[in-house]
Amino acid sequence: MSDRDQPRQGRCPRWMRVLLGVSLALNLLVAGLAAGAALRHGRAGGMHAAPHSLAGAMIRELPPQDRRALSALARDDLARDGHGDRRARRRAEAAAVTGALRAVPFDAAALRAVLDDQTRRRAAVQGELREFWLARVAAMSDAGRADYADRVEQAMRAGGHRTRHRPGWRD
């Protein structure tokens with residue numbers, strides 16, 4: 001008896017393999033659509049993503065020219081700190097923390113000093129940015145500040161969902 005004469009064992013018909021492949025593709029499509037909807041419109045169960053921070057909304061809703069100036073100020077402050085490159089600064093900070101963590105014997109005071117130095121530098125930059133922001137807001141007209149406050153409120157209510165079109169900016 002040759003191999004041709006023996007019935008095939010263990011193989012399913014071709015139509016069944018095609019049907020299983022189509023079924024798998026449809027299942028993946030439905031799962032992808034559900035995951036995309038959950039990520040875009042909130043978490044499963046109707047819980048939406050937490051709103052952005054108030055500080056983030058206050059900066060994001062500034063007129064575009066003020067946001068650009070604020071970004072430039074932040075970059076300049078960080079460059080003056082001796083770490084013009086953001087990645088280089090983060091690597092240096094991480095190296096300082098991990099070095100203090102690996103020290104034998106461990107010195108909690110040295111680690112605290114590294115963390116305090118990072119906190120001090122960030123607080124100094126944030127203070128300058130806050131003063132810049134406050135000066136820009138103080139220069140706005142009453143109507144401009146009211147419009148700005150409305151945009152900040154709307155951004156906080158949106159829970160992180162930004163609108164595509166922003167109304168015209170007033171000074």
# chains A, B, ... in the order shown; residues from 1 in each chain; ligands from 1
>>> residues_around(residues="range 57-70 of chain A", least_positions_apart="4", cutoff="8 Å", atoms="only C-alpha atoms", output="list of chain:residue names")
A:His52, A:Ser53, A:Ala74, A:Leu129, A:Phe132, A:Trp133, A:Arg136, A:Tyr148, A:Arg151, A:Val152, A:Ala155, A:Met156, A:Trp169
>>> write_last_selection(atoms="C-alpha atoms", output="compact mmCIF listing (two decimals), in the first residue's frame")
# COMPACT_ATOMS: atom_id res chain seq x y z
CA HIS A 52 -5.18 67.37 33.22
CA SER A 53 -3.58 69.30 36.01
CA ALA A 74 12.08 77.13 30.40
CA LEU A 129 7.97 80.36 34.97
CA PHE A 132 6.47 85.03 33.75
CA TRP A 133 2.95 83.53 33.55
CA ARG A 136 1.40 87.75 31.06
CA TYR A 148 -8.79 82.83 29.39
CA ARG A 151 -10.86 78.27 28.37
CA VAL A 152 -9.11 76.93 31.47
CA ALA A 155 -10.12 72.34 29.51
CA MET A 156 -10.54 71.06 33.07
CA TRP A 169 -7.35 84.97 21.26
>>> residues_around(residues="Val114 in chain A", least_positions_apart="6", cutoff="9 Å", atoms="only C-alpha atoms", output="list in words")
Glu93, Ala96, Val97 and Ala100 of chain A
>>> write_last_selection(atoms="N, CA and C atoms", output="PDB file, in the first residue's frame")
ATOM      1  N   GLU A  93      21.039  63.273  36.301  1.00  0.00           N
ATOM      2  CA  GLU A  93      20.241  63.156  37.531  1.00  0.00           C
ATOM      3  C   GLU A  93      20.076  61.693  37.920  1.00  0.00           C
ATOM      4  N   ALA A  96      23.284  60.331  39.379  1.00  0.00           N
ATOM      5  CA  ALA A  96      23.510  60.798  40.754  1.00  0.00           C
ATOM      6  C   ALA A  96      22.649  60.001  41.741  1.00  0.00           C
ATOM      7  N   VAL A  97      21.378  59.760  41.387  1.00  0.00           N
ATOM      8  CA  VAL A  97      20.489  59.007  42.278  1.00  0.00           C
ATOM      9  C   VAL A  97      20.948  57.558  42.393  1.00  0.00           C
ATOM     10  N   ALA A 100      24.072  57.194  44.453  1.00  0.00           N
ATOM     11  CA  ALA A 100      23.807  57.294  45.891  1.00  0.00           C
ATOM     12  C   ALA A 100      23.110  56.037  46.408  1.00  0.00           C
TER      13      ALA A 100
END
>>> residues_around(residues="Ala94 in chain A", least_positions_apart="6", cutoff="12 Å", atoms="only C-alpha atoms", output="list in words")
Arg87, Ala88, Ala100, Leu101, Leu111, Val114, Leu115 and Gln118 of chain A
>>> write_last_selection(atoms="N, CA and C atoms", output="tab-separated table (two decimals), in the first residue's frame")
chain	number	residue	atom	x	y	z
A	87	ARG	N	18.01	65.24	27.65
A	87	ARG	CA	18.39	63.85	27.90
A	87	ARG	C	19.65	63.76	28.75
A	88	ALA	N	20.60	64.61	28.45
A	88	ALA	CA	21.84	64.61	29.22
A	88	ALA	C	21.56	64.98	30.68
A	100	ALA	N	24.07	57.19	44.45
A	100	ALA	CA	23.81	57.29	45.89
A	100	ALA	C	23.11	56.04	46.41
A	101	LEU	N	22.26	55.43	45.59
A	101	LEU	CA	21.59	54.19	46.01
A	101	LEU	C	22.55	53.01	46.12
A	111	LEU	N	21.91	60.71	49.62
A	111	LEU	CA	20.78	60.58	48.70
A	111	LEU	C	19.82	61.75	48.88
A	114	VAL	N	21.16	64.79	47.14
A	114	VAL	CA	20.95	64.73	45.68
A	114	VAL	C	19.52	65.11	45.35
A	115	LEU	N	18.56	64.52	46.07
A	115	LEU	CA	17.14	64.81	45.82
A	115	LEU	C	16.80	66.26	46.15
A	118	GLN	N	17.99	68.46	43.31
A	118	GLN	CA	17.06	68.39	42.17
A	118	GLN	C	15.80	69.20	42.45
>>> closest_residue(among="A:Gly10, A:Phe106, A:Leu73, A:Ala31", to="Arg130 in chain A", atoms="only C-alpha atoms")
A:Leu73
>>> atom_distance(atom1="CA of Ala135 in chain A", atom2="CA of Asp117 in chain A")
27.4 Å
